[in-house]
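Trainee: Supplied in structure tokens, the structure appears directly below.
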Amino acid sequence: MPTDYALYLRKSRADLEAEAHGEGDTLARHEHILMELAKSRALPIGAIYREIVSGERIANRPVMQQLLSEVEDGRWKGVLVTETSRLARGDTIDQGIVAQAFKFSGTLIVTPAKTYDPTQEADEEWMEFGLFMSRQEYRMIRRRMNAGTKSAKKEGRYVGSRAPYGYERCKLHGRGWSIRPIEPESVVVKMIYELFLSGKGAGEIATYLNQINIPSPTQRTWVRQTVGLILQNPHYAGLIPDAVHPYKKVIKDGQLTVKRPLNKQCELYEGVHEAIIPRETWEETQRLLTKNHKPRVPSALQQHNPLAGLLYCDKCGQKMQRHPQTDRNFEKYYCPTVGCPTVSAPLSQVEALVLQGLKEFLYNLEMQQPEQPDFTTEQNALKNIDSRLVEQRKRLTKTFELVEDGIYTREAFLQRQSEINAEISRLQTAREELQRKLDAHAAELSARENAAPQIQHVLDVYDRKSAPAERSALLKQVIDRIDYHKTTKQRWSAENDLSVTIHPKISARK
Ligand SMILES: [Zn+2]
């Protein structure tokens with residue numbers, strides 16, 4: 001992540017005329033304003049770009065072209081300008097290019113009046129930045145941007161500034177952005193689809209997620225609508241929708257308002273990102289959603305396996321399979337690897353053993369007292385780094401004064417700024433590493449403390465008569481993996497060596 005900022009200075013036609021009438025040098029004056037701004041907010045400066053030629057079009061401004069390509073590459077945290085119109089003016093195509101470059105790279109535009117954050121601004125607010133466009137120009141840019149967005153989508157890139165729940169944005173090697181799954185949110189997405197296909201409605205799923213204390217995408221409680229939107233979102237199937245929310249002008253009570261209705265019949269492109277939900281499962285979900293009643297799930301898609309995704313053969317590492325039987329009481333787990341010495345066992349026996357193992361683990365957890373290791377060395381190191389950071393920030397401020405007083409040349413100033421900024425980055429990295437270590441430790445402690453009540457809760461609400469998808473969702477709350485062991489064939493003899501090894505989740509919950 002870049003930490004420093006660039007200054008961009010350019011004369012407008014009006015400035016040239018003012019200078020001809022005896023006004024002082026515009027660029028020097030603007031540089032002073034922006035340096036003051038940087039100093040007051042302690043923004044490290046990595047470069048000062050001065051456009052010598054006075055072309056209005058980007059094509060005629062070589063320095064702007066250089067800056068734009070750096071912005072597209074994500075080189076800068078932000079760009080300081082006196083007004084947004086210094087970046088692009090007059091030409092709608094240019095404005096569109098500038099807006100896209102800043103928006104897709106998430107680069108800030110810092111002016112004395114306002115800081116524009118393209119990852120936070122609503123689309124319109126971002127587009128009307130500076131209010132230097134007429135309505136006509138705005139419409140043209142909108143059309144052009146839509147065309148650019150459409151071609152990016154056709155190539156499977158992700159153009160939103162915020163990733164859907166379960167994903168994070170990531171930069172592609174070539175141009176543009178994509179998304180990749182993150183945990184634990186992507187696991188929650190899978191759980192939602194599984195629960196839906198097991199016959200639960202969106203409202204019931206929301207209630208269930210609140211019961212097991214899973215934070216919602218908004219950090220508030222889950223509601224039916226949020227679950228519904230997740231179930232409809234094509235990104236989870238590895239697809240990129242063309243305009244899910246196209247703008248629609250609506251005249252209501254004599255007033256024109258713009259709405260974004262959900263467009264369900266929109267085109268879908270093949271995304272470059274990883275799917276969280278298999279395509280056929282997602283399509284089946286859509287089919288069921290369009291019906292008004294609760295889904296009757298076809299047997300082939302229904303989750304029948306309470307240990308789905310958890311149970312592995314301890315001999316060969318394969319996922320254990322469920323052998324379906326017309327009579328549920330005779331269902332078995334078996335290892336699908338040909339020649340593997342692992343022997344099958346009844347599903348109900350394995351499930352009982354897992355619950356037993358979980359109870360034993362809980363008992364041991366409650367019996368043992370975790371040791372409290374000494375972290376004073378790390379804490380002292382942290383304090384030391386903090387005081388050095390304060391020192392470096394003071395030095396950064398000082399360089400602004402030195403260049404102002406003419407003691408530093410502009411080159412010397414940039415040199416000092418980049419040295420100090422590098423040192424600050426180095427200290428911050430060291431600080432983050434230390435903090436991570438301390439956090440990880442704190443998280444482990446609290447996870448241990450939380451693990452017991454969580455496991456207790458799972459054991460309390462676990463109902464062996466409830467839907468298998470519900471049971472597996474519950475177990476996945478507290479278990480990472482279960483290793484299955486059985487090599488004896490005599491089902492009725494005393495030699496039955498069926499056993500399971502449970503790997504519980506002792507990880508911090510967000
Ligand atoms: Zn095996």
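Ordering of the structure tokens sets the chain letters (A, B, ...), residue numbers begin anew at 1 in every chain, and ligands are numbered from 1 in the order given.
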Find the residues around Leu43 of chain A up to 7 Å (only C-alpha atoms counted), leave out those fewer than 5 positions away in its own chain, and share them as a PyMOL selection string.
Mentor: chain A and resi 4-5+38
Trainee: Please check which protein, DNA or RNA residues sit within 10 Å of ligand 1, counting only C-alpha atoms and all ligand atoms, and write them as an mmCIF file with N, CA and C atoms, in the first residue's frame.
Mentor:
data_model
loop_
_atom_site.group_PDB
_atom_site.id
_atom_site.type_symbol
_atom_site.label_atom_id
_atom_site.label_comp_id
_atom_site.auth_asym_id
_atom_site.auth_seq_id
_atom_site.Cartn_x
_atom_site.Cartn_y
_atom_site.Cartn_z
ATOM 1 N N TYR A 312 -12.556 -36.879 7.218
ATOM 2 C CA TYR A 312 -11.498 -37.334 6.313
ATOM 3 C C TYR A 312 -10.966 -38.689 6.762
ATOM 4 N N CYS A 313 -10.560 -39.487 5.782
ATOM 5 C CA CYS A 313 -9.948 -40.780 6.059
ATOM 6 C C CYS A 313 -8.555 -40.549 6.635
ATOM 7 N N ASP A 314 -8.220 -41.203 7.756
ATOM 8 C CA ASP A 314 -6.909 -40.954 8.383
ATOM 9 C C ASP A 314 -5.786 -41.738 7.712
ATOM 10 N N LYS A 315 -6.151 -42.639 6.799
ATOM 11 C CA LYS A 315 -5.121 -43.420 6.098
ATOM 12 C C LYS A 315 -4.651 -42.704 4.830
ATOM 13 N N CYS A 316 -5.605 -42.197 4.039
ATOM 14 C CA CYS A 316 -5.215 -41.635 2.746
ATOM 15 C C CYS A 316 -5.583 -40.150 2.608
ATOM 16 N N GLY A 317 -6.292 -39.597 3.580
ATOM 17 C CA GLY A 317 -6.594 -38.163 3.548
ATOM 18 C C GLY A 317 -7.785 -37.780 2.688
ATOM 19 N N GLN A 318 -8.440 -38.762 2.065
ATOM 20 C CA GLN A 318 -9.616 -38.458 1.240
ATOM 21 C C GLN A 318 -10.811 -38.067 2.102
ATOM 22 N N LYS A 319 -11.707 -37.260 1.491
ATOM 23 C CA LYS A 319 -12.966 -36.957 2.173
ATOM 24 C C LYS A 319 -13.802 -38.220 2.237
ATOM 25 N N MET A 320 -14.330 -38.546 3.412
ATOM 26 C CA MET A 320 -15.185 -39.718 3.545
ATOM 27 C C MET A 320 -16.521 -39.444 2.859
ATOM 28 N N TYR A 334 -17.859 -44.252 3.994
ATOM 29 C CA TYR A 334 -16.803 -45.104 3.451
ATOM 30 C C TYR A 334 -15.732 -44.240 2.786
ATOM 31 N N CYS A 335 -14.508 -44.804 2.686
ATOM 32 C CA CYS A 335 -13.435 -44.084 2.009
ATOM 33 C C CYS A 335 -13.480 -44.426 0.525
ATOM 34 N N PRO A 336 -13.527 -43.424 -0.381
ATOM 35 C CA PRO A 336 -13.674 -43.703 -1.817
ATOM 36 C C PRO A 336 -12.379 -44.169 -2.493
ATOM 37 N N THR A 337 -11.239 -44.137 -1.786
ATOM 38 C CA THR A 337 -9.977 -44.527 -2.419
ATOM 39 C C THR A 337 -9.900 -46.044 -2.604
ATOM 40 N N VAL A 338 -9.623 -46.454 -3.864
ATOM 41 C CA VAL A 338 -9.506 -47.881 -4.147
ATOM 42 C C VAL A 338 -8.265 -48.434 -3.442
ATOM 43 N N GLY A 339 -8.450 -49.540 -2.710
ATOM 44 C CA GLY A 339 -7.313 -50.180 -2.048
ATOM 45 C C GLY A 339 -6.979 -49.601 -0.685
ATOM 46 N N CYS A 340 -7.674 -48.578 -0.249
ATOM 47 C CA CYS A 340 -7.413 -47.996 1.072
ATOM 48 C C CYS A 340 -7.896 -48.971 2.155
ATOM 49 N N PRO A 341 -7.083 -49.230 3.183
ATOM 50 C CA PRO A 341 -7.477 -50.222 4.208
ATOM 51 C C PRO A 341 -8.617 -49.765 5.119
ATOM 52 N N THR A 342 -9.058 -48.498 4.959
ATOM 53 C CA THR A 342 -10.113 -47.996 5.835
ATOM 54 C C THR A 342 -11.447 -48.691 5.567
ATOM 55 N N VAL A 343 -12.123 -49.059 6.654
ATOM 56 C CA VAL A 343 -13.372 -49.808 6.584
ATOM 57 C C VAL A 343 -14.541 -48.884 6.909
ATOM 58 N N SER A 344 -15.689 -49.139 6.273
ATOM 59 C CA SER A 344 -16.843 -48.267 6.490
ATOM 60 C C SER A 344 -17.480 -48.496 7.871
ATOM 61 N N TYR A 484 -11.118 -39.796 10.466
ATOM 62 C CA TYR A 484 -11.853 -41.033 10.689
ATOM 63 C C TYR A 484 -10.879 -42.194 10.692
ATOM 64 N N HIS A 485 -11.027 -43.072 11.674
ATOM 65 C CA HIS A 485 -10.168 -44.251 11.708
ATOM 66 C C HIS A 485 -10.987 -45.513 11.938
ATOM 67 N N LYS A 486 -10.812 -46.470 11.041
ATOM 68 C CA LYS A 486 -11.351 -47.812 11.292
ATOM 69 C C LYS A 486 -10.708 -48.778 10.310
#
Trainee: What is the distance between atom CA of Thr149 of chain A and atom CA of Ala163 of chain A, in Å to one decimal?
Mentor: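 Going from atom CA of Thr149 of chain A over to atom CA of Ala163 of chain A covers 15.6 Å.
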Trainee: Counting only C-alpha atoms, which residues of segment 38-134 of chain A sit at most 6 Å from some atom of segment 8-25 of chain A, and what is each one's closest atom pair with its distance in Å to one decimal, listed by chain and rising residue number, as JSON lines?
Mentor:
{"residue": "A:Tyr49", "atom": "CA", "partner": "A:Tyr8", "partner_atom": "CA", "distance": 4.8}
{"residue": "A:Arg50", "atom": "CA", "partner": "A:Leu9", "partner_atom": "CA", "distance": 4.8}
{"residue": "A:Glu51", "atom": "CA", "partner": "A:Arg10", "partner_atom": "CA", "distance": 5.1}
{"residue": "A:Val81", "atom": "CA", "partner": "A:Tyr8", "partner_atom": "CA", "distance": 5.5}
Trainee: When you look at Lys153 of chain A with a cut-off of 12 Å (counting only C-alpha atoms), what residues show up, excluding the ones that are within fewer than 6 positions of it in the same chain? I need them as a list of chain:residue names.
Mentor: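 Answer for this query is A:Asn146, A:Ala147, A:Val159, A:Gly160, A:Gly176, A:Trp177, A:Ser178, A:His235, A:Leu239, A:Ile240, A:Pro241, A:Asp242, A:Ala243, A:Val244, A:Glu267, A:Leu268, A:Tyr269, A:Glu270, A:Gly271, A:Val272, A:His273.
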Trainee: Pick out the residues sitting within 8 Å of Ala469 of chain A, and hand them over as a list in words; count only C-alpha atoms, and ignore anything fewer than 4 positions along from it in its own chain.
Mentor: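 The filter keeps Glu194, Leu195, Ser198, Gln303, His304, Asn305, Pro306 and Ala473 of chain A.
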Trainee: Mind writing the picked residues with C-alpha atoms as a PDB file, in the first residue's frame?
Mentor:
ATOM      1  CA  GLU A 194     -26.667 -24.894   2.283  1.00  0.00           C
ATOM      2  CA  LEU A 195     -29.377 -23.880   4.742  1.00  0.00           C
ATOM      3  CA  SER A 198     -32.055 -27.750   3.012  1.00  0.00           C
ATOM      4  CA  GLN A 303     -27.527 -32.056   2.023  1.00  0.00           C
ATOM      5  CA  HIS A 304     -27.888 -35.429   3.711  1.00  0.00           C
ATOM      6  CA  ASN A 305     -24.522 -35.570   5.356  1.00  0.00           C
ATOM      7  CA  PRO A 306     -24.238 -34.061   8.847  1.00  0.00           C
ATOM      8  CA  ALA A 473     -23.545 -25.930   9.913  1.00  0.00           C
TER       9      ALA A 473
END
Trainee: Go through segment 336-420 of chain A and flag each residue having an atom no more than 12 Å from segment 441-457 of chain A; for those, report the closest pair of atoms plus their distance in Å to one decimal, using only C-alpha atoms, ordered by chain and rising number, as a tab-separated table.
Mentor:
residue	atom	partner	partner_atom	distance
A:Leu355	CA	A:Ile455	CA	10.2
A:Gln356	CA	A:Ile455	CA	11.9
A:Gly357	CA	A:Ile455	CA	11.2
A:Leu358	CA	A:Ile455	CA	7.4
A:Lys359	CA	A:Gln456	CA	8.2
A:Glu360	CA	A:Ile455	CA	10.7
A:Phe361	CA	A:Ile455	CA	9.0
A:Leu362	CA	A:Ala452	CA	6.0
A:Tyr363	CA	A:Ala452	CA	8.7
A:Asn364	CA	A:Ala452	CA	9.7
A:Leu365	CA	A:Ala452	CA	6.7
A:Glu366	CA	A:Ala452	CA	6.9
A:Met367	CA	A:Ala452	CA	10.6
A:Gln368	CA	A:Arg448	CA	10.4
A:Gln369	CA	A:Arg448	CA	9.9
A:Pro370	CA	A:Leu445	CA	7.8
A:Glu371	CA	A:Leu445	CA	9.5
A:Gln372	CA	A:Leu445	CA	8.9
A:Pro373	CA	A:His441	CA	9.3
A:Asp374	CA	A:His441	CA	10.9
A:Phe375	CA	A:His441	CA	9.5
A:Glu378	CA	A:His441	CA	11.7
Trainee: From segment 268-349 of chain A, collect each residue whose DSSP state is strand (DSSP E) and return the set as an MDAnalysis selection string.
Mentor: chainID A and resid 268:270 311:313 321:323 332:334 345:346
Trainee: I need the chosen residues saved as a JSON list (two decimals), in the first residue's frame, with C-alpha atoms.
Mentor:
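Ended up saving to out_25.json:
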[["chain", "number", "residue", "atom", "x", "y", "z"],
["A", 268, "LEU", "CA", -23.90, -12.43, -16.71],
["A", 269, "TYR", "CA", -20.25, -12.62, -17.70],
["A", 270, "GLU", "CA", -17.69, -15.23, -16.72],
["A", 311, "LEU", "CA", -14.78, -36.03, 7.82],
["A", 312, "TYR", "CA", -11.50, -37.33, 6.31],
["A", 313, "CYS", "CA", -9.95, -40.78, 6.06],
["A", 321, "GLN", "CA", -18.33, -40.34, 1.49],
["A", 322, "ARG", "CA", -21.83, -41.06, 2.65],
["A", 323, "HIS", "CA", -23.33, -44.26, 1.29],
["A", 332, "LYS", "CA", -22.61, -45.58, 6.16],
["A", 333, "TYR", "CA", -19.44, -43.59, 5.71],
["A", 334, "TYR", "CA", -16.80, -45.10, 3.45],
["A", 345, "ALA", "CA", -18.93, -47.56, 9.59],
["A", 346, "PRO", "CA", -22.56, -46.60, 10.24]]
Trainee: Using only C-alpha atoms, which residue out of A:Gly55, A:Gly203, A:Gly78, A:Pro278 lies closest to Thr111 of chain A?
Mentor: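 Smallest distance to Thr111 of chain A is found for A:Gly78.
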Trainee: Pick out the residues sitting within 10 Å of Arg41 of chain A, and hand them over as a list of chain:residue names; count only C-alpha atoms, and ignore anything fewer than 5 positions along from it in its own chain.
Mentor: A:Met35, A:Glu36, A:Thr397
Trainee: Would you kindly return, as a CSV table (one decimal) with N, CA and C atoms, in the first residue's frame, each protein, DNA or RNA residue with an atom no farther than 12 Å from any atom of segment 415-420 of chain A, considering only C-alpha atoms and excluding same-chain residues fewer than 4 positions away?
Mentor:
chain,number,residue,atom,x,y,z
A,3,THR,N,2.1,5.0,0.7
A,3,THR,CA,1.8,5.9,1.9
A,3,THR,C,2.0,7.4,1.5
A,4,ASP,N,2.6,7.6,0.4
A,4,ASP,CA,2.9,9.0,0.1
A,4,ASP,C,2.1,9.6,-1.0
A,5,TYR,N,2.2,10.9,-1.1
A,5,TYR,CA,1.3,11.7,-2.0
A,5,TYR,C,2.1,12.5,-3.0
A,6,ALA,N,1.5,12.8,-4.1
A,6,ALA,CA,2.1,13.6,-5.2
A,6,ALA,C,1.4,15.0,-5.3
A,38,ALA,N,-0.2,20.0,3.0
A,38,ALA,CA,0.5,18.7,3.3
A,38,ALA,C,1.1,18.8,4.7
A,39,LYS,N,1.6,20.0,5.0
A,39,LYS,CA,2.3,20.1,6.3
A,39,LYS,C,1.2,20.0,7.4
A,42,ALA,N,0.3,16.5,7.8
A,42,ALA,CA,1.4,15.6,7.9
A,42,ALA,C,1.3,14.5,6.8
A,43,LEU,N,1.1,15.0,5.6
A,43,LEU,CA,1.1,14.0,4.4
A,43,LEU,C,2.5,14.0,3.8
A,44,PRO,N,3.1,12.8,3.8
A,44,PRO,CA,4.4,12.7,3.2
A,44,PRO,C,4.3,13.0,1.6
A,45,ILE,N,5.3,13.8,1.1
A,45,ILE,CA,5.3,14.1,-0.3
A,45,ILE,C,6.3,13.3,-1.0
A,46,GLY,N,5.9,12.6,-2.1
A,46,GLY,CA,6.9,11.8,-2.8
A,46,GLY,C,7.4,12.5,-4.1
A,47,ALA,N,6.6,13.4,-4.6
A,47,ALA,CA,6.9,14.0,-5.9
A,47,ALA,C,6.1,15.3,-6.1
A,48,ILE,N,6.7,16.3,-6.8
A,48,ILE,CA,6.0,17.5,-7.1
A,48,ILE,C,6.0,17.6,-8.6
A,388,ARG,N,9.8,6.7,18.5
A,388,ARG,CA,10.5,7.0,17.3
A,388,ARG,C,9.7,7.5,16.2
A,389,LEU,N,8.5,6.9,16.1
A,389,LEU,CA,7.5,7.4,15.1
A,389,LEU,C,7.2,8.9,15.3
A,390,VAL,N,6.9,9.2,16.5
A,390,VAL,CA,6.6,10.6,16.9
A,390,VAL,C,7.8,11.5,16.4
A,391,GLU,N,9.0,11.1,16.7
A,391,GLU,CA,10.2,11.8,16.3
A,391,GLU,C,10.3,12.0,14.8
A,392,GLN,N,10.1,10.9,14.1
A,392,GLN,CA,10.2,11.0,12.6
A,392,GLN,C,9.1,11.9,12.0
A,393,ARG,N,7.9,11.9,12.6
A,393,ARG,CA,6.8,12.8,12.1
A,393,ARG,C,7.2,14.2,12.4
A,394,LYS,N,7.8,14.5,13.5
A,394,LYS,CA,8.3,15.9,13.7
A,394,LYS,C,9.3,16.3,12.7
A,395,ARG,N,10.2,15.4,12.3
A,395,ARG,CA,11.2,15.7,11.3
A,395,ARG,C,10.6,15.9,10.0
A,396,LEU,N,9.5,15.2,9.7
A,396,LEU,CA,8.8,15.4,8.4
A,396,LEU,C,8.2,16.8,8.4
A,397,THR,N,7.6,17.2,9.4
A,397,THR,CA,7.1,18.6,9.5
A,397,THR,C,8.1,19.6,9.3
A,398,LYS,N,9.3,19.3,9.9
A,398,LYS,CA,10.4,20.3,9.9
A,398,LYS,C,10.9,20.5,8.5
A,399,THR,N,10.9,19.5,7.6
A,399,THR,CA,11.4,19.6,6.3
A,399,THR,C,10.5,20.6,5.5
A,400,PHE,N,9.2,20.7,5.8
A,400,PHE,CA,8.3,21.6,5.1
A,400,PHE,C,8.8,23.1,5.5
A,402,LEU,N,11.9,23.9,6.3
A,402,LEU,CA,13.2,24.2,5.7
A,402,LEU,C,13.1,24.5,4.3
A,403,VAL,N,12.2,23.9,3.5
A,403,VAL,CA,12.1,24.2,2.1
A,403,VAL,C,11.4,25.6,2.0
A,408,TYR,N,16.3,24.3,2.2
A,408,TYR,CA,16.4,23.2,1.4
A,408,TYR,C,16.0,23.6,0.0
A,409,THR,N,16.6,22.9,-1.0
A,409,THR,CA,16.1,23.1,-2.4
A,409,THR,C,15.0,22.1,-2.5
A,410,ARG,N,14.2,22.2,-3.6
A,410,ARG,CA,13.1,21.3,-3.8
A,410,ARG,C,13.6,19.8,-3.8
A,411,GLU,N,14.7,19.6,-4.5
A,411,GLU,CA,15.3,18.3,-4.6
A,411,GLU,C,15.6,17.7,-3.3
A,424,ILE,N,9.6,5.9,8.3
A,424,ILE,CA,8.3,5.7,9.0
A,424,ILE,C,7.7,4.4,8.6
A,425,SER,N,7.7,4.1,7.3
A,425,SER,CA,7.1,2.9,6.8
A,425,SER,C,7.8,1.7,7.4
A,426,ARG,N,9.1,1.7,7.6
A,426,ARG,CA,9.9,0.6,8.2
A,426,ARG,C,9.4,0.4,9.6
A,427,LEU,N,9.3,1.5,10.3
A,427,LEU,CA,8.9,1.5,11.8
A,427,LEU,C,7.5,1.0,11.9
Trainee: Out of A:Tyr193, A:Gly228, A:Ile109, A:Asp73, which residue has the shortest atom-to-atom distance to His173 of chain A when counting only C-alpha atoms?
Mentor: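 Checking each candidate against His173 of chain A, we get A:Asp73 as the closest.
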Trainee: Given only C-alpha atoms as the basis, pick out the residue of A:Thr326, A:Ser105, A:Arg57, A:Gly174 nearest to Asp117 of chain A.
Mentor: A:Ser105
Trainee: Between A:Ile230, A:Ala275, A:Val350, A:Ile385, which residue has the minimum interatomic distance to Pro181 of chain A, considering only C-alpha atoms?
Mentor: A:Ala275
Trainee: Write out as a ChimeraX atom specification all residues of segment 356-427 of chain A that DSSP puts in alpha helix (DSSP H) for this structure's backbone.
Mentor: /A:356-367,376-404,410-427
Trainee: So how many Å separate atom CA of Tyr167 of chain A and atom CA of Glu183 of chain A, to one decimal?
Mentor: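 Interatomic distance, atom CA of Tyr167 of chain A to atom CA of Glu183 of chain A: 8.4 Å.
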Trainee: In Å, rounded to a single decimal, give me how far atom CA of Val187 of chain A is from atom CA of Pro217 of chain A.
Mentor: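 Result for atom CA of Pro217 of chain A versus atom CA of Val187 of chain A: 13.2 Å, one decimal.
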